[in-house]
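Worksheet: one structure, shown below.
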Amino acid sequence: MLAKIVVTAVGLGLIVFVNWYFLLSRRKPR
Amino acid sequence: MEVSEEEAAGTSEYGGKTYFFCSEYCKQEFDKDPEKYLSPAWKPGGMPVPAAGAPEEKPEVAEGAKAPLEPGRPSGGKAQRIDLPVRGMSCAGCAANIQKNLGALEGVDKANVNFATSMATVIFDPDVVKPVEFASRIREIGYDVGTVTAEIPIEGIVCASCVRKIETALLELRGVVKASVNLATGRARVEYLPAETHISELKRTIESTGYKVLEVPADVETEDLERTMRQKEYRRLKLRFISGIILAVVIFLGSMPHWFRWVPHFLSNFYVLWALATPVQFLIGWPFLRGAWKSFRHRSADMNTLVAVGTLSAYLYSAAATFFPGFFRQAGVAPAVYFDTSAFIIALILFGRLLEARAKGQTSEAIRKLAGLQPRMARLVRGGEEIDIPIGEVQVGDLVVVRPGERVPVDGSVEDGRSTVDESMITGESMPVTKTPGSEVVGGTLNRSGSFRFRATKVGKDTVLARIIRLVQEAQGSKAPIQRLADVIAGYFVPVVISIAVATFVVWFDFGPAPALTFALLNFVAVLIIACPCALGLATPTAVMVGTGKGAENGILIKGGESLETVHRVDTVVFDKTGTLTKGEPEVTDLVALPSFTEEELLRLAAAAERRSEHPLGEAVLEKARGRGYAIGEPLEFQAIEGHGVEATVEKRKILLGNSKFLADRGVETGGLGEKAEELSAEGKTVIFAAIDGKPAGLVAVADTLKDHSIEAVAGLRKLGLEVVMLTGDHRKTAEAIAAQLGIDRVIPEVLPENKVREIKNLQAAGRRVAMVGDGINDAPALAQADVGIAIGTGTDIAMEASDITLIRDDLRAVASAIALSKRTLKVIKQNLFWAFFYNVVGIPVAAGVLYPFFGLLLNPILASAAMAFSSVSVVSNSLRLRRFNFRT
């Protein structure tokens, strides 16, 4: 159970990070 | 800006010098703080010049910003300033118009357009608005921005995300107005303001995104360089692939001992598998890792990211299982390795790239073929001797010798000799053309039977061949508007895919059947691998390249992706009659002599009377008489009455030639000829009445004859479902008669040349998408007004400039071919985009395991990588189908 919670948390964190890092934090081209 | 004493709106004394100003405002500003404008640091409008000058009409920067702005520097806060050179302003009203339009853009604090210096100065917030938008707005309202365009070859562009990344980085640069990167050609086309940035800065920016700019030595032909580079890249790729696939197969055999019982046992050892997989991952797969890391640092993600994350996950998991099996056992999981997955993915993706590289080479075949037409040497006559010199040294005015079987080296005009020349490579016309002294020859064409000498008129970059190559290169590098959607999607694609993959992992781990970790890992990798935007990036450019290249081989030059896309929407084709549908040279078609005269007498005397006339009708009569071999006398007392006719004395006989009114004015009754004359007019012919010694003698009918393939061409267009319209200055009756011969239903007669544009506009206002076909020189404005301008029978710069499609051969059937080719190309683009999207839309959910609960169906990552390689190859192959386009449909 703990493993599942950890994996879920890490997964969500990764998704947030990826979208923030690649899409949101980048200055819009225009 | 220089202001003379007479023009000055105000003067001011400072430091013992007199300054003149163009406006009261400038004077006031100057008086407030003269030192500011006299210091060398203040540049915008130039420093006031003592006595002879005054401060430039000051760009109104001080008002909006707290401190005076230096060019190119942000002012205190965020505001930036840019100076754009504007072209095409004819009055101060234009300046005001541009100023208003720029000022209305969001994020623009202040815009000032100076008519005299042709400069637009804009103070703007770079976070809200980019200089690109200033340039496009200025262009939208009908002016132009003085920019320079550079073509930069780049190495290592592999997918649509790379394209987007480089374009975005370039557009971030100050002074870059437009940036478009072509995945298929591996080139960036950048339009920039030379005052704001420099080519070296552009190159630096491209390199900072992780790609390599290829340095082109000045003396190397770009074509040759690209080819060598492509071949080198291909060989390297092949080596990588071969070593990769060998190792991958060995690893695969070792990983499946229950399938391959004959495989030596030691190969199934985890450590051995690890030792085999490591070079595949880090040596052979190095380009993916390097590319991914570079993108990551640049806050972007592309297909390298997907491949790297996917294969690394499988590799690292397996390595952990190899070295720390105890950890897995403790967690209740049997240690398993997936080295075969990572190795196979790398090998298969390399295979895809290998095929893609080969196919990409084929798409630029047209340019290579054209460039190959250019001979390397030319034989000149110098000082009475024939010498061979390199083509680059031939100069205008040189006398060039061409022997049978040789190619014509440059453009020129035949001086002596006679031969037939095969011009099919330039015009697409398969029949050889006879060349005699005075004929024009085109560089790159093949001399067949005889030998001749010609005087070079165009050399180097000015030859027809060089211009065609340039045009085709530009066209192939251009981007079709339809591509933009794909580019935008590609920009968001990779992060979204990574998110889906992570979500897949979590869901399988949390809710999947045992062994959950294995399922989660494999599906995670499968999602990453199946979703690759490379097919998306190749869909449009490859089709545009093959389509425009195929056109060029057949004498159809299409200006670029945008033209291609507009052409396929055309529903109406407008022809200018004279010179397009007809030869533009009137010919005598009928001779009617009254009983008291013979036909010969009538024609001979009429021709003599017309001998000094410069009217095209007169020339037609003269030509006819010459053709029949008549001796034509000299006219005496020749007089031409503009718009009516001519009057002359030939062989002591008084000849009158002209319309019936002209003869009636001179007391000649033409009543008896009236009926015949009307009949001929109804056929679209121009009728000339003739009188000899005051008595009616007969009629000469003259008509502009149709070009050889006009009827066929019109029929071809109608077959494509297009409405054909004829535009002419003729009277309705004449026009309708000609239209009936051609099978055209709609005629717009009595159009003065200057009103052609208006007629096109009328059609457009009625909702038509109009293609205008004309000769490209007289019709340039109408060609430009039409949605698509098609210039025919020409290779001149003006025609190529004004038109979207240039048909080099004077054959109207090519109009239908060009439209059909455009339609076909667009169809291929749409198919490609559909498959590229469809493939991902279907592939990703399947890889994520959506079908598993219902059908127990999962996508093996190795299969996913094979499918991915296949997707790019299928898109490129689909584009290559255009090479088989049949031009005689």
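Here, A, B, ... name the chains of the structure tokens in the order displayed, residue numbers run from 1 inside each chain, and ligands are numbered from 1 in the same displayed order.
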To test your reading of the structure, identify every residue in chain A that backbone DSSP assigns to helix (DSSP H, G or I), and report it as a PDB file with N, CA and C atoms, in the first residue's frame.
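Saved the output as selection24.pdb:
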```pdb
ATOM      1  N   LEU A   2       1.895   1.183   0.859  1.00  0.00           N
ATOM      2  CA  LEU A   2       2.788   2.352   0.938  1.00  0.00           C
ATOM      3  C   LEU A   2       3.443   2.618  -0.416  1.00  0.00           C
ATOM      4  N   ALA A   3       3.850   1.483  -1.053  1.00  0.00           N
ATOM      5  CA  ALA A   3       4.495   1.625  -2.363  1.00  0.00           C
ATOM      6  C   ALA A   3       3.567   2.343  -3.334  1.00  0.00           C
ATOM      7  N   LYS A   4       2.274   1.945  -3.299  1.00  0.00           N
ATOM      8  CA  LYS A   4       1.316   2.570  -4.210  1.00  0.00           C
ATOM      9  C   LYS A   4       1.193   4.065  -3.942  1.00  0.00           C
ATOM     10  N   ILE A   5       1.131   4.428  -2.679  1.00  0.00           N
ATOM     11  CA  ILE A   5       1.000   5.848  -2.347  1.00  0.00           C
ATOM     12  C   ILE A   5       2.228   6.618  -2.817  1.00  0.00           C
ATOM     13  N   VAL A   6       3.401   6.005  -2.569  1.00  0.00           N
ATOM     14  CA  VAL A   6       4.644   6.689  -2.972  1.00  0.00           C
ATOM     15  C   VAL A   6       4.678   6.859  -4.498  1.00  0.00           C
ATOM     16  N   VAL A   7       4.380   5.736  -5.221  1.00  0.00           N
ATOM     17  CA  VAL A   7       4.418   5.804  -6.684  1.00  0.00           C
ATOM     18  C   VAL A   7       3.426   6.846  -7.200  1.00  0.00           C
ATOM     19  N   THR A   8       2.228   6.871  -6.645  1.00  0.00           N
ATOM     20  CA  THR A   8       1.223   7.839  -7.083  1.00  0.00           C
ATOM     21  C   THR A   8       1.714   9.264  -6.845  1.00  0.00           C
ATOM     22  N   ALA A   9       2.256   9.492  -5.656  1.00  0.00           N
ATOM     23  CA  ALA A   9       2.719  10.850  -5.329  1.00  0.00           C
ATOM     24  C   ALA A   9       3.854  11.268  -6.254  1.00  0.00           C
ATOM     25  N   VAL A  10       4.811  10.347  -6.441  1.00  0.00           N
ATOM     26  CA  VAL A  10       5.950  10.674  -7.318  1.00  0.00           C
ATOM     27  C   VAL A  10       5.451  10.929  -8.743  1.00  0.00           C
ATOM     28  N   GLY A  11       4.533  10.073  -9.191  1.00  0.00           N
ATOM     29  CA  GLY A  11       3.972  10.210 -10.545  1.00  0.00           C
ATOM     30  C   GLY A  11       3.318  11.558 -10.729  1.00  0.00           C
ATOM     31  N   LEU A  12       2.463  11.925  -9.785  1.00  0.00           N
ATOM     32  CA  LEU A  12       1.775  13.216  -9.896  1.00  0.00           C
ATOM     33  C   LEU A  12       2.791  14.355  -9.892  1.00  0.00           C
ATOM     34  N   GLY A  13       3.759  14.198  -8.994  1.00  0.00           N
ATOM     35  CA  GLY A  13       4.807  15.226  -8.921  1.00  0.00           C
ATOM     36  C   GLY A  13       5.533  15.363 -10.252  1.00  0.00           C
ATOM     37  N   LEU A  14       5.828  14.214 -10.857  1.00  0.00           N
ATOM     38  CA  LEU A  14       6.537  14.232 -12.146  1.00  0.00           C
ATOM     39  C   LEU A  14       5.700  14.926 -13.219  1.00  0.00           C
ATOM     40  N   ILE A  15       4.405  14.588 -13.253  1.00  0.00           N
ATOM     41  CA  ILE A  15       3.525  15.184 -14.266  1.00  0.00           C
ATOM     42  C   ILE A  15       3.500  16.702 -14.096  1.00  0.00           C
ATOM     43  N   VAL A  16       3.347  17.127 -12.856  1.00  0.00           N
ATOM     44  CA  VAL A  16       3.315  18.574 -12.596  1.00  0.00           C
ATOM     45  C   VAL A  16       4.641  19.204 -13.022  1.00  0.00           C
ATOM     46  N   PHE A  17       5.735  18.528 -12.641  1.00  0.00           N
ATOM     47  CA  PHE A  17       7.041  19.089 -12.967  1.00  0.00           C
ATOM     48  C   PHE A  17       7.240  19.195 -14.483  1.00  0.00           C
ATOM     49  N   VAL A  18       6.924  18.112 -15.176  1.00  0.00           N
ATOM     50  CA  VAL A  18       7.137  18.099 -16.633  1.00  0.00           C
ATOM     51  C   VAL A  18       6.350  19.223 -17.293  1.00  0.00           C
ATOM     52  N   ASN A  19       5.085  19.365 -16.918  1.00  0.00           N
ATOM     53  CA  ASN A  19       4.264  20.399 -17.548  1.00  0.00           C
ATOM     54  C   ASN A  19       4.715  21.798 -17.170  1.00  0.00           C
ATOM     55  N   TRP A  20       5.122  21.920 -15.931  1.00  0.00           N
ATOM     56  CA  TRP A  20       5.606  23.237 -15.514  1.00  0.00           C
ATOM     57  C   TRP A  20       6.921  23.548 -16.235  1.00  0.00           C
ATOM     58  N   TYR A  21       7.835  22.568 -16.195  1.00  0.00           N
ATOM     59  CA  TYR A  21       9.177  22.816 -16.724  1.00  0.00           C
ATOM     60  C   TYR A  21       9.162  23.069 -18.234  1.00  0.00           C
ATOM     61  N   PHE A  22       8.417  22.259 -18.956  1.00  0.00           N
ATOM     62  CA  PHE A  22       8.464  22.364 -20.421  1.00  0.00           C
ATOM     63  C   PHE A  22       7.449  23.354 -20.993  1.00  0.00           C
ATOM     64  N   LEU A  23       6.338  23.518 -20.309  1.00  0.00           N
ATOM     65  CA  LEU A  23       5.302  24.359 -20.913  1.00  0.00           C
ATOM     66  C   LEU A  23       5.075  25.672 -20.187  1.00  0.00           C
ATOM     67  N   LEU A  24       4.843  25.600 -18.893  1.00  0.00           N
ATOM     68  CA  LEU A  24       4.382  26.801 -18.201  1.00  0.00           C
ATOM     69  C   LEU A  24       5.499  27.779 -17.876  1.00  0.00           C
TER      70      LEU A  24
END
```
Chain B residues near chain A (8 Å cut-off, only C-alpha atoms) as an NGL selection string: :B and (127-130 or 168 or 171-172 or 299-301 or 492 or 495-496 or 498-499 or 502-503 or 505-506 or 509-510)
Computed interatomic separation between atom CA of B:Phe323 and atom CA of B:Thr504 (Å):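 The value is 26.7 Å.
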Contacts of B:Leu727 at 12 Å (only C-alpha atoms; same-chain gap of 6+ positions) as an MDAnalysis selection string: chainID B and resid 573:582 735:736 738:739 744:753 755:760 763 772:774 779 782
Long-range neighbours of stretch 834-850 of chain B as a list in words, 6 Å cut-off, only C-alpha atoms, 3 positions minimum in chain: Thr504, Asn523, Ala526, Val527, Ala531, Ala535, Leu536, Lys830, Gln831, Leu858 and Leu859 of chain B
Within 6 Å of B:Val113, counting only C-alpha atoms, which residues qualify if same-chain residues fewer than 3 places away don't, as a JSON list (two decimals) with N, CA and C atoms, in the first residue's frame?
```json
[["chain", "number", "residue", "atom", "x", "y", "z"],
["B", 95, "ALA", "N", 2.67, 57.32, -43.21],
["B", 95, "ALA", "CA", 3.36, 57.25, -41.92],
["B", 95, "ALA", "C", 2.35, 57.25, -40.79],
["B", 99, "GLN", "N", 1.65, 54.34, -38.13],
["B", 99, "GLN", "CA", 1.79, 54.69, -36.72],
["B", 99, "GLN", "C", 0.53, 54.31, -35.94],
["B", 119, "MET", "N", 11.55, 55.27, -41.12],
["B", 119, "MET", "CA", 11.80, 54.43, -39.95],
["B", 119, "MET", "C", 10.57, 54.42, -39.05],
["B", 120, "ALA", "N", 10.25, 53.25, -38.54],
["B", 120, "ALA", "CA", 9.21, 53.18, -37.54],
["B", 120, "ALA", "C", 9.91, 52.88, -36.21]]
```
If you run DSSP on the backbone here, which positions in stretch 619-808 of chain B get strand (DSSP E or B)? Please write them as a PDB file with C-alpha atoms, in the first residue's frame.
```pdb
ATOM      1  CA  LEU B 636       3.390  57.123-102.321  1.00  0.00           C
ATOM      2  CA  GLU B 637       1.541  59.775-100.320  1.00  0.00           C
ATOM      3  CA  PHE B 638       1.017  57.389 -97.430  1.00  0.00           C
ATOM      4  CA  GLN B 639      -1.237  58.651 -94.693  1.00  0.00           C
ATOM      5  CA  ALA B 640      -2.502  56.792 -91.655  1.00  0.00           C
ATOM      6  CA  ILE B 641      -5.611  58.074 -89.896  1.00  0.00           C
ATOM      7  CA  GLY B 645      -7.522  53.394 -91.759  1.00  0.00           C
ATOM      8  CA  VAL B 646      -4.819  54.244 -94.275  1.00  0.00           C
ATOM      9  CA  GLU B 647      -4.743  56.096 -97.535  1.00  0.00           C
ATOM     10  CA  ALA B 648      -1.924  55.668-100.094  1.00  0.00           C
ATOM     11  CA  THR B 649      -1.094  55.704-103.758  1.00  0.00           C
ATOM     12  CA  VAL B 650       0.402  52.508-105.134  1.00  0.00           C
ATOM     13  CA  ARG B 653      -3.749  53.842-108.041  1.00  0.00           C
ATOM     14  CA  LYS B 654      -5.466  55.358-105.052  1.00  0.00           C
ATOM     15  CA  ILE B 655      -5.946  52.827-102.272  1.00  0.00           C
ATOM     16  CA  LEU B 656      -8.173  53.212 -99.211  1.00  0.00           C
ATOM     17  CA  LEU B 657      -8.109  50.667 -96.410  1.00  0.00           C
ATOM     18  CA  GLY B 658     -10.118  50.955 -93.224  1.00  0.00           C
ATOM     19  CA  THR B 686     -11.735  42.271 -87.774  1.00  0.00           C
ATOM     20  CA  VAL B 687     -12.837  43.388 -91.227  1.00  0.00           C
ATOM     21  CA  ILE B 688     -10.872  45.869 -93.362  1.00  0.00           C
ATOM     22  CA  PHE B 689     -12.718  47.425 -96.275  1.00  0.00           C
ATOM     23  CA  ALA B 690     -10.630  48.152 -99.346  1.00  0.00           C
ATOM     24  CA  ALA B 691     -11.312  50.661-102.134  1.00  0.00           C
ATOM     25  CA  ILE B 692      -9.230  51.112-105.266  1.00  0.00           C
ATOM     26  CA  LYS B 695     -14.475  52.012-106.021  1.00  0.00           C
ATOM     27  CA  PRO B 696     -15.098  49.314-103.432  1.00  0.00           C
ATOM     28  CA  ALA B 697     -12.689  46.459-104.111  1.00  0.00           C
ATOM     29  CA  GLY B 698     -13.218  43.898-101.378  1.00  0.00           C
ATOM     30  CA  LEU B 699     -12.614  42.867 -97.812  1.00  0.00           C
ATOM     31  CA  VAL B 700      -9.638  41.628 -95.874  1.00  0.00           C
ATOM     32  CA  ALA B 701     -10.548  39.801 -92.653  1.00  0.00           C
ATOM     33  CA  VAL B 702      -7.936  39.634 -89.958  1.00  0.00           C
ATOM     34  CA  ALA B 703      -8.114  37.678 -86.737  1.00  0.00           C
ATOM     35  CA  ASP B 704      -5.925  36.807 -83.850  1.00  0.00           C
ATOM     36  CA  THR B 705      -5.544  33.054 -84.139  1.00  0.00           C
ATOM     37  CA  LEU B 706      -5.809  30.684 -81.235  1.00  0.00           C
ATOM     38  CA  GLU B 723     -15.119  27.772 -64.430  1.00  0.00           C
ATOM     39  CA  VAL B 724     -13.140  29.379 -67.224  1.00  0.00           C
ATOM     40  CA  VAL B 725     -13.543  33.100 -67.840  1.00  0.00           C
ATOM     41  CA  MET B 726     -12.074  35.095 -70.721  1.00  0.00           C
ATOM     42  CA  LEU B 727     -11.068  38.685 -70.222  1.00  0.00           C
ATOM     43  CA  ARG B 746     -18.221  33.274 -69.569  1.00  0.00           C
ATOM     44  CA  VAL B 747     -16.703  36.297 -71.273  1.00  0.00           C
ATOM     45  CA  ILE B 748     -15.931  39.683 -69.840  1.00  0.00           C
ATOM     46  CA  VAL B 770      -9.614  33.390 -58.888  1.00  0.00           C
ATOM     47  CA  ALA B 771      -6.557  32.179 -60.754  1.00  0.00           C
ATOM     48  CA  MET B 772      -5.451  34.615 -63.433  1.00  0.00           C
ATOM     49  CA  VAL B 773      -3.419  33.389 -66.387  1.00  0.00           C
ATOM     50  CA  GLY B 774      -1.409  35.988 -68.264  1.00  0.00           C
ATOM     51  CA  VAL B 788      -3.286  32.829 -57.753  1.00  0.00           C
ATOM     52  CA  GLY B 789      -1.308  34.428 -60.550  1.00  0.00           C
ATOM     53  CA  ILE B 790      -0.114  32.112 -63.303  1.00  0.00           C
ATOM     54  CA  ALA B 791       2.431  33.553 -65.727  1.00  0.00           C
ATOM     55  CA  ILE B 792       2.907  31.632 -68.914  1.00  0.00           C
ATOM     56  CA  ILE B 805       3.035  29.809 -60.628  1.00  0.00           C
ATOM     57  CA  THR B 806       5.293  30.362 -63.599  1.00  0.00           C
ATOM     58  CA  LEU B 807       4.915  28.149 -66.636  1.00  0.00           C
TER      59      LEU B 807
END
```
Atomic separation - atom CA of B:Val592 relative to atom CA of B:Asp708, Å: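 Between these atoms lies a distance of 26.2 Å.
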Shell of 12 Å around B:Gly767, only C-alpha atoms, local chain residues under 3 positions omitted, as a list in words: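 Here the answer would be Arg569, Val570, Asp571, Thr572, Ile760, Lys761, Asn762, Leu763, Gln764, Val770 and Asp787 of chain B.
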Between atom CA of B:Glu191 and atom CA of B:Ala160, distance in Å (one decimal): 20.4 Å
Nearest residue to B:Thr420 from the set B:Asn447, B:Gln473, B:Thr209, B:Gln395 (distances using only C-alpha atoms):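 Closest to B:Thr420 of all the choices is B:Asn447.
Shortest atom-to-atom contact with B:Val497 among B:Gly310, B:Gly384, B:Gly210, B:Gly674: B:Gly310, counting only C-alpha atoms.
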